[in-house]
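Structure file structure12.cif with mmCIF, C-alpha atoms and all ligand atoms:
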data_structure
loop_
_atom_site.label_atom_id
_atom_site.label_comp_id
_atom_site.auth_asym_id
_atom_site.auth_seq_id
_atom_site.Cartn_x
_atom_site.Cartn_y
_atom_site.Cartn_z
CA MET A 24 64.73 144.93 53.29
CA ASN A 25 61.96 143.13 51.46
CA ARG A 26 60.75 139.70 52.41
CA ARG A 27 62.82 137.95 49.80
CA HIS A 28 65.95 139.62 51.06
CA ALA A 29 65.00 139.02 54.67
CA LEU A 30 64.61 135.34 53.91
CA LYS A 31 67.89 135.29 52.09
CA ALA A 32 69.66 136.96 54.99
CA LEU A 33 68.15 134.45 57.39
CA ALA A 34 69.14 131.64 55.10
CA GLY A 35 72.62 133.08 54.92
CA LEU A 36 72.98 133.09 58.67
CA ALA A 37 71.32 129.82 59.48
CA LEU A 38 72.18 127.76 56.45
CA CYS A 39 75.50 128.91 55.29
CA PRO A 40 77.71 127.97 58.19
CA ILE A 41 80.55 127.69 55.72
CA CYS A 42 80.18 131.38 55.17
CA ALA A 43 80.74 132.40 58.75
CA PRO A 44 84.51 131.96 58.87
CA VAL A 45 85.12 133.12 55.34
CA GLY A 46 82.69 136.00 55.02
CA PHE A 47 79.71 136.01 52.74
CA ALA A 48 78.11 138.18 50.12
CA ALA A 49 76.43 141.16 51.74
CA GLU A 50 72.88 140.81 52.93
CA GLY A 51 70.53 141.01 50.00
CA ALA A 52 73.39 140.93 47.51
CA HIS A 53 71.90 139.50 44.38
CA TRP A 54 73.62 137.08 42.06
CA SER A 55 72.44 134.48 39.62
CA TYR A 56 73.63 132.17 36.87
CA GLU A 57 72.72 134.34 33.89
CA GLY A 58 72.53 137.84 32.52
CA ALA A 59 73.52 141.03 34.34
CA THR A 60 73.99 139.23 37.69
CA GLY A 61 75.55 136.09 36.18
CA PRO A 62 78.99 134.56 36.84
CA SER A 63 80.98 137.11 34.82
CA HIS A 64 79.57 139.86 37.10
CA TRP A 65 79.97 138.13 40.47
CA GLY A 66 83.05 140.21 41.25
CA ASP A 67 80.76 143.26 41.39
CA VAL A 68 78.27 141.73 43.86
CA ASP A 69 80.05 143.32 46.82
CA ALA A 70 83.56 144.03 48.10
CA ALA A 71 84.01 140.53 49.52
CA SER A 72 83.23 138.96 46.15
CA LYS A 73 85.96 140.72 44.12
CA VAL A 74 88.00 137.54 44.21
CA CYS A 75 85.37 135.92 41.95
CA THR A 76 86.88 138.03 39.17
CA ILE A 77 90.47 138.64 40.23
CA GLY A 78 91.24 135.39 42.05
CA SER A 79 93.86 132.96 40.76
CA GLN A 80 92.60 129.76 42.43
CA GLN A 81 88.98 129.72 41.40
CA SER A 82 86.66 126.74 41.07
CA PRO A 83 85.33 124.77 39.32
CA VAL A 84 87.94 123.66 36.77
CA ASP A 85 88.08 121.38 33.77
CA ILE A 86 90.36 118.51 34.81
CA GLN A 87 92.45 117.89 31.70
CA GLY A 88 95.18 115.90 33.37
CA SER A 89 96.40 114.99 36.83
CA ILE A 90 99.51 113.91 38.66
CA LYS A 91 99.25 110.44 40.17
CA SER A 92 100.15 110.83 43.86
CA LEU A 93 100.12 109.03 47.15
CA LEU A 94 97.08 110.82 48.52
CA PRO A 95 95.61 109.66 51.83
CA PRO A 96 92.31 107.76 51.62
CA LEU A 97 89.09 109.66 52.30
CA GLN A 98 87.70 108.24 55.52
CA PHE A 99 84.01 109.01 55.75
CA ALA A 100 82.26 108.62 59.10
CA TRP A 101 78.84 110.07 58.37
CA ARG A 102 76.77 108.51 61.12
CA THR A 103 73.56 110.48 61.42
CA LYS A 104 70.92 110.88 58.75
CA PRO A 105 70.03 114.48 57.94
CA ASP A 106 66.37 115.45 57.60
CA MET A 107 66.37 119.22 56.98
CA ILE A 108 66.16 120.45 53.39
CA VAL A 109 66.06 123.96 51.97
CA ASN A 110 65.59 125.68 48.64
CA ASN A 111 67.85 128.72 49.14
CA GLY A 112 67.12 130.20 45.73
CA HIS A 113 70.42 128.98 44.28
CA THR A 114 70.22 125.25 44.95
CA ILE A 115 68.64 122.51 47.04
CA GLN A 116 70.66 121.99 50.22
CA VAL A 117 70.47 119.32 52.91
CA ASN A 118 71.80 120.42 56.32
CA ALA A 119 73.90 117.94 58.29
CA ASP A 120 73.95 117.42 62.05
CA PRO A 121 77.26 117.91 63.87
CA GLY A 122 79.48 114.87 64.35
CA ASN A 123 79.65 113.47 60.82
CA THR A 124 83.31 113.50 59.98
CA LEU A 125 85.68 113.19 57.07
CA THR A 126 89.31 112.37 57.81
CA VAL A 127 91.98 112.99 55.18
CA GLY A 128 95.43 112.10 56.47
CA LYS A 129 95.91 114.15 59.64
CA ASP A 130 93.03 116.52 58.85
CA LYS A 131 89.60 115.98 60.32
CA TYR A 132 86.55 117.85 59.08
CA ASP A 133 82.88 118.00 60.02
CA LEU A 134 80.13 117.70 57.38
CA VAL A 135 78.11 120.93 57.36
CA GLN A 136 75.74 120.53 54.41
CA PHE A 137 75.48 119.15 50.92
CA HIS A 138 73.84 120.63 47.83
CA PHE A 139 73.46 120.05 44.12
CA HIS A 140 74.39 121.61 40.78
CA HIS A 141 72.84 121.03 37.38
CA PRO A 142 74.77 120.44 35.17
CA SER A 143 78.05 119.48 36.87
CA GLU A 144 80.45 122.30 37.72
CA HIS A 145 83.64 120.29 37.31
CA LEU A 146 84.43 118.90 33.89
CA ILE A 147 86.70 115.95 33.20
CA GLY A 148 88.60 116.21 29.94
CA GLY A 149 86.07 118.78 28.76
CA LYS A 150 83.14 116.48 29.57
CA SER A 151 80.26 117.74 31.66
CA PHE A 152 77.98 115.48 33.71
CA PRO A 153 74.23 115.89 34.30
CA MET A 154 74.68 116.88 37.96
CA GLU A 155 77.20 117.22 40.79
CA VAL A 156 76.73 117.06 44.56
CA HIS A 157 79.02 119.01 46.92
CA PHE A 158 79.57 117.75 50.45
CA VAL A 159 80.87 120.78 52.36
CA HIS A 160 83.10 119.99 55.34
CA ARG A 161 84.83 122.38 57.72
CA ASN A 162 87.55 121.86 60.31
CA LEU A 163 87.98 123.65 63.63
CA ALA A 164 90.30 126.21 62.03
CA GLY A 165 87.61 127.11 59.48
CA ALA A 166 89.31 125.46 56.49
CA LEU A 167 86.96 123.79 54.05
CA ALA A 168 87.16 120.42 52.31
CA VAL A 169 84.47 119.89 49.69
CA VAL A 170 83.89 116.41 48.31
CA GLY A 171 82.40 116.57 44.82
CA VAL A 172 80.56 113.62 43.31
CA LEU A 173 79.53 113.63 39.65
CA MET A 174 76.06 112.29 38.93
CA THR A 175 74.91 110.46 35.79
CA ALA A 176 71.56 109.10 34.66
CA GLY A 177 71.14 105.37 35.28
CA LYS A 178 69.97 103.16 38.12
CA PRO A 179 67.75 104.99 40.62
CA ASN A 180 69.53 106.11 43.80
CA ALA A 181 67.37 105.79 46.93
CA THR A 182 68.98 108.78 48.67
CA PHE A 183 68.58 111.12 45.73
CA SER A 184 65.04 109.90 45.01
CA LYS A 185 64.04 110.81 48.58
CA ILE A 186 65.67 114.23 48.23
CA ALA A 187 64.04 114.84 44.84
CA ALA A 188 60.65 113.97 46.34
CA ALA A 189 61.22 116.40 49.23
CA MET A 190 62.62 119.41 47.31
CA PRO A 191 60.72 122.60 48.15
CA ALA A 192 59.54 124.11 44.86
CA SER A 193 60.32 127.68 45.86
CA GLU A 194 62.87 129.57 47.92
CA GLY A 195 62.22 129.58 51.65
CA LYS A 196 63.20 128.35 55.08
CA PRO A 197 64.47 124.82 55.79
CA VAL A 198 61.76 122.21 56.10
CA LYS A 199 61.81 118.76 57.65
CA MET A 200 61.79 115.86 55.23
CA VAL A 201 59.26 113.07 55.76
CA ALA A 202 62.13 110.62 56.09
CA ALA A 203 65.78 111.25 56.93
CA VAL A 204 68.23 110.35 54.17
CA ASP A 205 71.45 108.36 54.21
CA SER A 206 74.13 110.70 52.84
CA ASN A 207 76.44 107.72 52.28
CA GLY A 208 74.07 106.57 49.56
CA LEU A 209 75.38 109.37 47.33
CA LEU A 210 78.97 108.11 47.46
CA PRO A 211 80.25 105.78 44.73
CA ALA A 212 81.79 102.43 45.62
CA ARG A 213 85.30 103.50 44.66
CA ARG A 214 86.72 106.47 46.52
CA SER A 215 89.73 107.42 44.38
CA TYR A 216 89.78 111.16 43.81
CA TYR A 217 91.29 114.29 42.31
CA GLN A 218 92.64 116.92 44.70
CA TYR A 219 93.39 120.58 44.06
CA ALA A 220 93.33 123.96 45.84
CA GLY A 221 90.35 126.07 44.85
CA SER A 222 87.44 128.21 45.92
CA LEU A 223 83.76 128.36 46.71
CA THR A 224 81.91 128.18 43.37
CA THR A 225 79.40 130.86 44.43
CA PRO A 226 79.98 134.42 45.67
CA PRO A 227 82.09 135.37 47.56
CA CYS A 228 84.25 132.72 45.75
CA THR A 229 86.66 132.59 48.69
CA GLU A 230 89.85 130.63 47.96
CA VAL A 231 89.79 128.38 51.01
CA VAL A 232 88.67 125.05 49.61
CA ASN A 233 90.56 121.79 49.50
CA TRP A 234 88.71 120.20 46.58
CA LEU A 235 88.30 116.43 46.61
CA LEU A 236 86.49 115.31 43.47
CA LEU A 237 85.68 111.60 43.33
CA ARG A 238 86.65 110.03 40.02
CA GLU A 239 83.74 107.60 39.87
CA PRO A 240 80.27 109.13 39.30
CA VAL A 241 77.11 107.87 40.99
CA GLN A 242 74.04 106.85 39.03
CA VAL A 243 70.67 108.41 39.79
CA ALA A 244 67.28 108.16 38.09
CA ARG A 245 66.79 110.33 35.00
CA ALA A 246 63.37 111.35 36.38
CA ASP A 247 65.03 112.71 39.55
CA ILE A 248 67.56 114.71 37.51
CA ASP A 249 64.66 116.09 35.48
CA ALA A 250 62.80 117.06 38.67
CA PHE A 251 65.86 118.99 39.90
CA ALA A 252 66.37 120.58 36.48
CA LYS A 253 62.80 121.82 36.53
CA LEU A 254 63.62 123.87 39.65
CA PHE A 255 67.18 124.74 38.61
CA PRO A 256 67.62 124.58 34.83
CA MET A 257 71.17 125.90 35.20
CA ASN A 258 73.02 126.43 38.48
CA ALA A 259 76.61 125.65 37.55
CA ARG A 260 79.45 128.16 37.43
CA PRO A 261 81.54 127.76 34.25
CA ALA A 262 85.01 126.20 34.53
CA GLN A 263 87.66 128.69 35.64
CA LYS A 264 91.29 129.05 34.53
CA ASP A 265 93.52 126.54 36.28
CA ASN A 266 96.43 129.02 36.30
CA ARG A 267 98.89 126.13 36.26
CA ARG A 268 97.62 124.65 39.50
CA PHE A 269 98.57 121.05 40.17
CA ILE A 270 95.73 118.58 40.14
CA LEU A 271 96.65 115.40 41.97
CA SER A 272 94.92 112.04 41.68
CA SER A 273 94.89 109.06 44.00
ZN ZN A 301 78.45 123.66 45.19
#
Kindly transcribe the structure held in the file into structure tokens.
Ligand SMILES: [Zn+2]
Amino acid sequence: MNRRHALKALAGLALCPICAPVGFAAEGAHWSYEGATGPSHWGDVDAASKVCTIGSQQSPVDIQGSIKSLLPPLQFAWRTKPDMIVNNGHTIQVNADPGNTLTVGKDKYDLVQFHFHHPSEHLIGGKSFPMEVHFVHRNLAGALAVVGVLMTAGKPNATFSKIAAAMPASEGKPVKMVAAVDSNGLLPARRSYYQYAGSLTTPPCTEVVNWLLLREPVQVARADIDAFAKLFPMNARPAQKDNRRFILSS
């Protein structure tokens, strides 16, 4: 195992708590966003990742329409400010402390981490956005709820500016940020959302995610998007077939 793979394995264990209950791509398994190890080959990464190719509830999707429904409100109770950031080779991720919860109806989840994609992974009516942040939550049974927030260029966002300033330029272990960040700052004012059943958007693409995509984007500084894009010019999986899944909207 070379150093790069050793780091990746460590990162997988320490930083991918969402992977523990759902399995993760084998140690050292290599995947990327282009070429021979790009998204159309993820099913070949290892046995656990076959579902990337053969699954029927894959994410992201292009939301072309939705069914207006009486969905429960998203009740965020993110109380502590995270201060650990990592470049895991695929994205920039901020690790959350335990005890920051999301309640959706009768279901209660704990925030595990959040990370970014450039451009957005979800599309709305065929439209892509400059970036998307994924807040990964897990409940005691191991089920995942991921809140997606689309990001557009506009007014600077204090939370994202701090993250952009702290991003490690190369893959490595988590490092402490100079100042902790307020995760709530990346949520838009309005919390109406789309909901559908989907998957992780990276190998092993496990189909265990209750997707909650907020309809209203947040604005962040163009310079901060550019800084992220310099590190990750393209880290978005293309939209997957919806296979006639229902997409609900609140
Ligand atoms: Zn993601």
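Of note, atom CA of Pro261 of chain A and atom CA of Ile186 of chain A are spaced 25.1 Å apart.
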Can you list, as a PyMOL selection string, every protein, DNA or RNA residue that comes within 8 Å of Asn162 of chain A when you count only C-alpha atoms, leaving out same-chain residues fewer than 6 positions away?
chain A and resi 130-133
Taking the point (72.7, 120.5, 48.2) as given in the file, collect each protein or nucleic acid residue that comes within 7 Å of it, counting only C-alpha atoms, and present the set as a PDB file with C-alpha atoms, keeping the file's coordinate frame.
ATOM      1  CA  THR A 114      70.220 125.250  44.950  1.00  0.00           C
ATOM      2  CA  ILE A 115      68.640 122.510  47.040  1.00  0.00           C
ATOM      3  CA  GLN A 116      70.660 121.990  50.220  1.00  0.00           C
ATOM      4  CA  VAL A 117      70.470 119.320  52.910  1.00  0.00           C
ATOM      5  CA  GLN A 136      75.740 120.530  54.410  1.00  0.00           C
ATOM      6  CA  PHE A 137      75.480 119.150  50.920  1.00  0.00           C
ATOM      7  CA  HIS A 138      73.840 120.630  47.830  1.00  0.00           C
ATOM      8  CA  PHE A 139      73.460 120.050  44.120  1.00  0.00           C
ATOM      9  CA  VAL A 156      76.730 117.060  44.560  1.00  0.00           C
ATOM     10  CA  HIS A 157      79.020 119.010  46.920  1.00  0.00           C
TER      11      HIS A 157
END
Per-residue nearest contacts chain A to ligand ZN 301 (chain A), cut-off 12 Å, using all atoms listed in the file, as a Markdown table:
| residue | atom | partner | partner_atom | distance |
| --- | --- | --- | --- | --- |
| A:Cys39 | CA | A:ZN301 | ZN | 11.8 |
| A:Ile41 | CA | A:ZN301 | ZN | 11.5 |
| A:Ser82 | CA | A:ZN301 | ZN | 9.7 |
| A:Pro83 | CA | A:ZN301 | ZN | 9.1 |
| A:His113 | CA | A:ZN301 | ZN | 9.7 |
| A:Thr114 | CA | A:ZN301 | ZN | 8.4 |
| A:Ile115 | CA | A:ZN301 | ZN | 10.0 |
| A:Gln116 | CA | A:ZN301 | ZN | 9.4 |
| A:Val117 | CA | A:ZN301 | ZN | 11.9 |
| A:Gln136 | CA | A:ZN301 | ZN | 10.1 |
| A:Phe137 | CA | A:ZN301 | ZN | 7.9 |
| A:His138 | CA | A:ZN301 | ZN | 6.1 |
| A:Phe139 | CA | A:ZN301 | ZN | 6.3 |
| A:His140 | CA | A:ZN301 | ZN | 6.3 |
| A:His141 | CA | A:ZN301 | ZN | 10.0 |
| A:Pro142 | CA | A:ZN301 | ZN | 11.1 |
| A:Ser143 | CA | A:ZN301 | ZN | 9.3 |
| A:Glu144 | CA | A:ZN301 | ZN | 7.9 |
| A:His145 | CA | A:ZN301 | ZN | 10.0 |
| A:Met154 | CA | A:ZN301 | ZN | 10.6 |
| A:Glu155 | CA | A:ZN301 | ZN | 7.9 |
| A:Val156 | CA | A:ZN301 | ZN | 6.8 |
| A:His157 | CA | A:ZN301 | ZN | 5.0 |
| A:Phe158 | CA | A:ZN301 | ZN | 8.0 |
| A:Val159 | CA | A:ZN301 | ZN | 8.1 |
| A:His160 | CA | A:ZN301 | ZN | 11.8 |
| A:Ala168 | CA | A:ZN301 | ZN | 11.7 |
| A:Val169 | CA | A:ZN301 | ZN | 8.4 |
| A:Val170 | CA | A:ZN301 | ZN | 9.6 |
| A:Gly171 | CA | A:ZN301 | ZN | 8.1 |
| A:Val172 | CA | A:ZN301 | ZN | 10.4 |
| A:Leu173 | CA | A:ZN301 | ZN | 11.5 |
| A:Ser222 | CA | A:ZN301 | ZN | 10.1 |
| A:Leu223 | CA | A:ZN301 | ZN | 7.3 |
| A:Thr224 | CA | A:ZN301 | ZN | 6.0 |
| A:Thr225 | CA | A:ZN301 | ZN | 7.3 |
| A:Pro226 | CA | A:ZN301 | ZN | 10.9 |
| A:Cys228 | CA | A:ZN301 | ZN | 10.8 |
| A:Val232 | CA | A:ZN301 | ZN | 11.2 |
| A:Trp234 | CA | A:ZN301 | ZN | 10.9 |
| A:Leu236 | CA | A:ZN301 | ZN | 11.7 |
| A:Asn258 | CA | A:ZN301 | ZN | 9.1 |
| A:Ala259 | CA | A:ZN301 | ZN | 8.1 |
| A:Arg260 | CA | A:ZN301 | ZN | 9.0 |
Could you give me, as a list of chain:residue names, the residues within 6 Å of segment 202-211 of chain A, counting only C-alpha atoms and dropping anything in the same chain fewer than 4 positions from it?
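Contacts, in chain order: A:Lys104, A:Pro105, A:Asp106, A:Thr182, A:Val241.
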Atom pair atom CA of Asn233 of chain A / atom CA of His53 of chain A: separation (Å)
26.2 Å
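Note that atom CA of Gly66 of chain A and atom CA of Pro191 of chain A are 29.3 Å apart.
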Best match for closeness to Lys178 of chain A among A:Arg267, A:Lys196, A:Lys91, A:Arg245, counting only C-alpha atoms
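Ranking A:Arg267, A:Lys196, A:Lys91, A:Arg245 by distance to Lys178 of chain A, first place goes to A:Arg245.
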For each of A:Gly149, A:Ser272, A:Phe255, A:Leu237, take the minimum atom-to-atom distance to Val84 of chain A, counting only C-alpha atoms, then give the residue where this is smallest.
A:Gly149
Measuring atom to atom with all atoms listed in the file, identify which of A:Thr175, A:Asn266, A:Ser92, A:Asn111 is nearest to Ala246 of chain A.
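Counting all atoms listed in the file, the residue closest to Ala246 of chain A is A:Thr175.
Closest to Trp54 of chain A among A:Phe269, A:Asn118, A:Gly112, A:Phe99 is A:Gly112, based on all atoms listed in the file.
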